[in-house]
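Source file: protein28.cif; contents: mmCIF, C-alpha atoms.
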```cif
data_run
#
loop_
_atom_site.label_atom_id
_atom_site.label_comp_id
_atom_site.auth_asym_id
_atom_site.auth_seq_id
_atom_site.Cartn_x
_atom_site.Cartn_y
_atom_site.Cartn_z
CA MET A 26 172.32 43.45 215.41
CA THR A 27 170.43 43.77 212.19
CA ILE A 28 171.81 46.10 209.52
CA MET A 29 169.11 47.96 207.56
CA GLN A 30 169.60 47.92 203.77
CA PRO A 31 168.88 51.18 201.92
CA ALA A 32 165.65 51.22 199.97
CA THR A 33 166.09 50.61 196.26
CA THR A 34 164.03 52.13 193.44
CA VAL A 35 163.28 50.09 190.36
CA ARG A 36 164.90 51.87 187.41
CA LEU A 37 162.74 52.10 184.30
CA LYS A 38 164.12 51.01 180.99
CA SER A 39 165.85 53.79 179.11
CA ASP A 40 163.39 53.63 176.19
CA ALA A 41 160.20 53.62 178.27
CA GLY A 42 157.68 56.35 177.35
CA ILE A 43 159.37 57.62 174.21
CA ALA A 44 157.01 55.87 171.75
CA ILE A 45 154.51 58.74 172.08
CA GLY A 46 157.00 61.13 170.43
CA PRO A 47 157.07 59.51 166.98
CA ILE A 48 153.30 59.05 167.09
CA LEU A 49 152.70 62.75 167.74
CA PHE A 50 155.20 63.64 165.03
CA ILE A 51 153.41 61.45 162.49
CA ILE A 52 150.03 62.96 163.46
CA ALA A 53 151.44 66.47 163.00
CA ILE A 54 152.87 65.59 159.58
CA LEU A 55 149.56 64.09 158.46
CA ALA A 56 147.72 67.23 159.60
CA ILE A 57 150.13 69.43 157.65
CA LEU A 58 149.75 67.26 154.55
CA ALA A 59 145.95 67.35 154.80
CA ALA A 60 145.98 71.14 155.05
CA ALA A 61 148.38 71.42 152.11
CA ILE A 62 146.26 69.13 149.94
CA ALA A 63 143.10 71.08 150.77
CA ALA A 64 144.75 74.41 149.97
CA GLY A 65 146.48 73.03 146.90
CA SER A 66 143.28 71.66 145.47
CA GLY A 67 141.66 75.12 145.67
CA SER A 68 144.67 76.79 144.06
CA PHE A 69 144.71 74.17 141.31
CA THR A 70 141.06 74.83 140.50
CA ALA A 71 141.61 78.59 140.45
CA GLY A 72 144.77 78.20 138.37
CA THR A 73 143.03 75.96 135.85
CA SER A 74 140.17 78.44 135.48
CA SER A 75 142.56 81.35 134.92
CA GLU A 76 144.55 79.38 132.37
CA SER A 77 141.35 78.44 130.54
CA ASN A 78 140.31 82.10 130.37
CA ARG A 79 143.71 83.10 128.99
CA THR A 80 143.59 80.36 126.36
CA LYS A 81 140.09 81.33 125.23
CA ALA A 82 141.05 85.01 125.12
CA SER A 83 144.02 84.29 122.87
CA ALA A 84 141.91 82.09 120.59
CA LEU A 85 139.18 84.74 120.27
CA ILE A 86 141.68 87.47 119.46
CA GLN A 87 143.11 85.20 116.75
CA ILE A 88 139.64 84.51 115.34
CA GLY A 89 138.90 88.24 115.30
CA GLU A 90 142.13 88.95 113.44
CA ASN A 91 141.29 86.21 110.94
CA LEU A 92 137.88 87.76 110.26
CA LYS A 93 139.57 91.13 109.74
CA VAL A 94 142.05 89.59 107.27
CA GLY A 95 139.13 88.15 105.29
CA MET A 96 137.41 91.52 105.12
CA ASP A 97 140.66 93.24 104.12
CA ARG A 98 141.12 90.74 101.33
CA MET A 99 137.70 91.52 99.86
CA MET A 100 138.38 95.26 100.11
CA MET A 101 141.87 95.25 98.58
CA GLU A 102 141.75 92.35 96.09
CA ASN A 103 138.11 92.44 95.04
CA GLY A 104 137.38 96.12 95.51
CA ILE A 105 134.36 95.45 97.73
CA SER A 106 133.08 98.61 99.41
CA TYR A 107 131.37 99.04 102.77
CA GLY A 108 127.97 97.35 102.83
CA SER A 109 128.53 95.52 99.52
CA TYR A 110 129.65 92.28 101.16
CA THR A 111 127.74 89.37 102.65
CA ILE A 112 128.54 87.85 106.04
CA ASN A 113 126.47 84.70 106.19
CA ALA A 114 127.40 81.06 106.67
CA SER A 115 125.03 80.15 103.84
CA ASN A 116 126.78 82.44 101.33
CA THR A 117 130.09 80.88 100.30
CA VAL A 118 130.27 81.30 96.51
CA ASN A 119 130.68 84.93 95.40
CA ASN A 120 133.68 87.25 95.61
CA ASN A 121 131.82 89.50 98.05
CA ASP A 122 131.03 86.66 100.49
CA LEU A 123 133.29 86.74 103.55
CA PHE A 124 133.26 82.95 103.84
CA SER A 125 133.80 82.22 100.15
CA PRO A 126 137.15 81.10 98.69
CA LEU A 127 136.65 83.81 96.07
CA GLY A 128 135.74 86.41 98.69
CA GLY A 129 137.25 86.64 102.14
CA GLY A 130 138.74 83.18 101.80
CA ILE A 131 138.24 82.32 105.48
CA THR A 132 136.30 79.60 107.27
CA ILE A 133 133.18 80.22 109.33
CA PRO A 134 134.35 81.05 112.88
CA SER A 135 133.65 78.59 115.67
CA ASP A 136 131.49 79.54 118.65
CA ALA A 137 133.35 77.06 120.91
CA MET A 138 134.86 79.95 122.90
CA SER A 139 131.50 81.60 123.55
CA ASN A 140 129.81 81.84 126.92
CA THR A 141 127.43 79.00 125.94
CA PRO A 142 128.67 77.08 122.90
CA GLY A 143 125.85 76.03 120.62
CA THR A 144 123.63 78.83 121.95
CA ASP A 145 125.77 81.97 121.69
CA HIS A 146 126.77 82.61 118.08
CA TRP A 147 128.71 85.25 116.19
CA MET A 148 126.73 88.36 115.29
CA TYR A 149 127.67 91.13 112.87
CA PRO A 150 126.12 94.47 113.88
CA THR A 151 127.13 97.86 112.49
CA GLY A 152 127.63 101.05 114.45
CA ALA A 153 129.95 104.04 114.76
CA VAL A 154 132.52 103.31 117.45
CA PRO A 155 133.61 106.66 118.95
CA SER A 156 137.12 107.84 118.02
CA LEU A 157 137.54 104.98 115.52
CA GLY A 158 137.81 106.25 111.96
CA THR A 159 135.15 108.77 110.94
CA ASN A 160 131.66 109.20 112.38
CA SER A 161 130.37 106.63 109.89
CA PRO A 162 129.43 103.12 111.09
CA GLU A 163 131.92 100.30 111.45
CA GLN A 164 131.26 96.68 110.60
CA LEU A 165 131.68 94.65 113.80
CA ALA A 166 131.85 90.98 114.70
CA VAL A 167 130.73 90.16 118.25
CA ILE A 168 130.16 87.09 120.39
CA LYS A 169 129.04 86.65 123.99
CA ILE A 170 131.76 85.31 126.30
CA GLY A 171 132.41 84.71 129.99
CA SER A 172 133.38 87.64 132.19
CA GLY A 173 136.75 86.09 133.06
CA VAL A 174 137.57 85.69 129.37
CA CYS A 175 136.45 89.28 128.82
CA ASP A 176 138.91 90.54 131.42
CA GLU A 177 141.74 88.58 129.83
CA ILE A 178 140.95 90.00 126.37
CA ASN A 179 141.03 93.59 127.58
CA SER A 180 144.22 92.90 129.49
CA LYS A 181 145.93 91.33 126.45
CA ALA A 182 144.57 93.61 123.71
CA ASN A 183 144.24 96.95 125.48
CA ALA A 184 146.28 96.67 128.70
CA MET A 185 143.28 97.70 130.77
CA VAL A 186 140.51 96.31 132.94
CA THR A 187 137.02 95.80 131.55
CA PRO A 188 135.08 99.09 131.80
CA ALA A 189 131.81 99.34 133.69
CA GLY A 190 128.70 98.09 131.92
CA ALA A 191 126.74 100.31 129.54
CA ASP A 192 123.81 99.90 127.17
CA VAL A 193 125.57 99.99 123.81
CA GLY A 194 122.65 98.69 121.78
CA ASP A 195 121.17 95.50 120.42
CA PHE A 196 123.94 93.46 118.80
CA SER A 197 121.38 91.21 117.11
CA THR A 198 120.00 94.08 115.05
CA ALA A 199 119.39 93.25 111.40
CA VAL A 200 122.19 93.80 108.90
CA GLY A 201 121.90 97.24 107.36
CA SER A 202 120.30 98.71 110.47
CA ASP A 203 123.00 100.54 112.41
CA ILE A 204 123.05 100.65 116.21
CA PRO A 205 121.76 104.16 117.08
CA ILE A 206 124.42 106.82 117.60
CA GLY A 207 123.01 107.53 121.06
CA LYS A 208 123.83 103.96 122.09
CA MET A 209 127.24 103.96 120.43
CA ASN A 210 128.15 107.18 122.25
CA ALA A 211 128.15 105.06 125.42
CA TRP A 212 130.73 102.67 123.92
CA PRO A 213 133.21 102.12 126.79
CA LEU A 214 136.26 101.46 124.60
CA PRO A 215 136.51 104.44 122.23
CA GLY A 216 139.18 104.15 119.58
CA LYS A 217 139.79 100.44 120.24
CA PRO A 218 139.35 98.19 117.15
CA LEU A 219 138.95 95.11 119.35
CA GLY A 220 138.22 94.31 122.96
CA CYS A 221 135.38 93.28 125.22
CA VAL A 222 132.42 95.34 126.42
CA ASN A 223 129.86 94.68 129.14
CA ASN A 224 126.58 95.38 127.36
CA THR A 225 123.58 96.02 129.62
CA ASN A 226 121.13 96.13 126.71
CA GLY A 227 117.87 94.35 127.42
CA THR A 228 118.09 92.14 124.32
CA THR A 229 121.79 91.32 124.15
CA ASN A 230 123.22 91.73 127.63
CA GLY A 231 126.44 90.34 129.00
CA THR A 232 130.13 90.54 128.16
CA PHE A 233 130.91 90.52 124.45
CA PHE A 234 134.15 90.21 122.50
CA TYR A 235 134.17 92.50 119.48
CA GLN A 236 136.38 93.02 116.45
CA ALA A 237 135.99 95.90 114.00
CA LEU A 238 136.14 94.34 110.54
CA TYR A 239 135.56 97.40 108.36
CA ILE A 240 136.46 100.83 109.70
CA GLN A 241 135.18 103.92 107.91
#
```
How would this structure read if it were set down as structure tokens?
Amino acid sequence: MTIMQPATTVRLKSDAGIAIGPILFIIAILAILAAAIAAGSGSFTAGTSSESNRTKASALIQIGENLKVGMDRMMMENGISYGSYTINASNTVNNNDLFSPLGGGITIPSDAMSNTPGTDHWMYPTGAVPSLGTNSPEQLAVIKIGSGVCDEINSKANAMVTPAGADVGDFSTAVGSDIPIGKMNAWPLPGKPLGCVNNTNGTTNGTFFYQALYIQ
């Protein structure tokens, strides 16, 4: 009589099939890292741009204050009255020259923080800023800058956002020819001795940093 043996099943090794686990884990980690790098690179670019705007804003505010100090020096030490001074890089000798050691005693401001360095330069228009001093014109210093820098200046100097654009006149107007009152009435930052305005004027349009140097 033949005794039947029970069928046997070949047992797989205990580690068979588990290699796929680590592979999938590594793939998942690589995918997460790729996504993080992509997102991080965008944040880095945005962060760098914001930091650049803040740095430029601080530098421009400092330059504006320096110009004001030079004008104050001519007024108080040399007795120079409104309109009796010269603001010109070529005039650096007399006691009524802003950029003269005997006058304002300051250096010619750099345009490196402008919207387009080498193209956008400092301008010095005159006009009556509403609610700043009397109704007589102020001596201003202005320079065209980027909109992001403009926002940072208004945030730092005036704790406010940049107002909507307005035609506040031609900033390149000749010295001694005030910006018309009608244009200055549209000035979006009344009573503010420095800040940034969005000028929609056909000749000088864009965002401009300004500093009032002589307030009447």
Contacts of Gly216 in chain A at 7 Å (only C-alpha atoms; same-chain gap of 4+ positions) as a CSV table (one decimal) with C-alpha atoms, in the frame of the given file:
```
chain,number,residue,atom,x,y,z
A,155,PRO,CA,133.6,106.7,119.0
A,156,SER,CA,137.1,107.8,118.0
A,157,LEU,CA,137.5,105.0,115.5
```
Between A:Met138, A:Met148, A:Leu238, A:Asp195, smallest distance to Ser77 in chain A by only C-alpha atoms belongs to A:Met138
Do you know which residues are at most 8 Å from range 115-127 of chain A counting all atoms listed in the file, after dropping those on the same chain fewer than 2 positions away, and could you put them as number ranges by chain?
A: 95-96, 99, 103, 105, 109-113, 129-133
**Request:** Just the residues within 10 Å of Asp203 in chain A, please, counting only C-alpha atoms, with nothing from its chain fewer than 3 positions along; format it as a ChimeraX atom specification.
**Result:** /A:150-153,161-164,194-196,198-200,206,209
| query | For Ile168 in chain A, which of A:Gly227, A:Gly104, A:Pro205, A:Gly143 is the closest residue, counting all atoms listed in the file? | reply |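 That would be A:Gly143, the residue with the smallest distance to Ile168 in chain A.
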Taken to one decimal, the CA of Ile88 in chain A-CA of Leu219 in chain A distance is 11.4 Å
What do you get, as a ChimeraX atom specification, if you spell out every residue that the PyMOL selection byres ((chain A and resi 215) around 12) selects here?
/A:153-158,160,183,188,193,209-214,216-222,237
- Fewer than 3 positions away in the same chain doesn't count, so skip those; otherwise give me all residues within 12 Å of Ile178 in chain A, counting all atoms listed in the file, as a count of residues only. 33
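CA of Tyr239 in chain A is positioned 7.2 Å from CA of Tyr107 in chain A.
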_Atomic separation - CA of Thr225 in chain A relative to CA of Ala166 in chain A, Å_ =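 Computing it gives 17.8 Å between the two atoms.
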Centre and edge lengths of an axis-aligned box around all listed atoms of range 126-129 of chain A, with 6 Å added on each side, are to be given in Å to one decimal, as lines of an AutoDock Vina configuration file.
```
center_x = 136.5
center_y = 83.9
center_z = 99.1
size_x = 13.5
size_y = 17.5
size_z = 18.1
```
With distances taken over all atoms listed in the file, which residue among A:Asn91, A:Ser197, A:Ser106, A:Ser74 lies nearest Asn226 in chain A?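 Closest to Asn226 in chain A, using all atoms listed in the file: A:Ser197.
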Top pick for closest residue to Trp147 in chain A, considering A:Ala56, A:Gly108, A:Leu92, A:Asp192 and counting only C-alpha atoms |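 Among the listed residues, the smallest separation from Trp147 in chain A belongs to A:Leu92.
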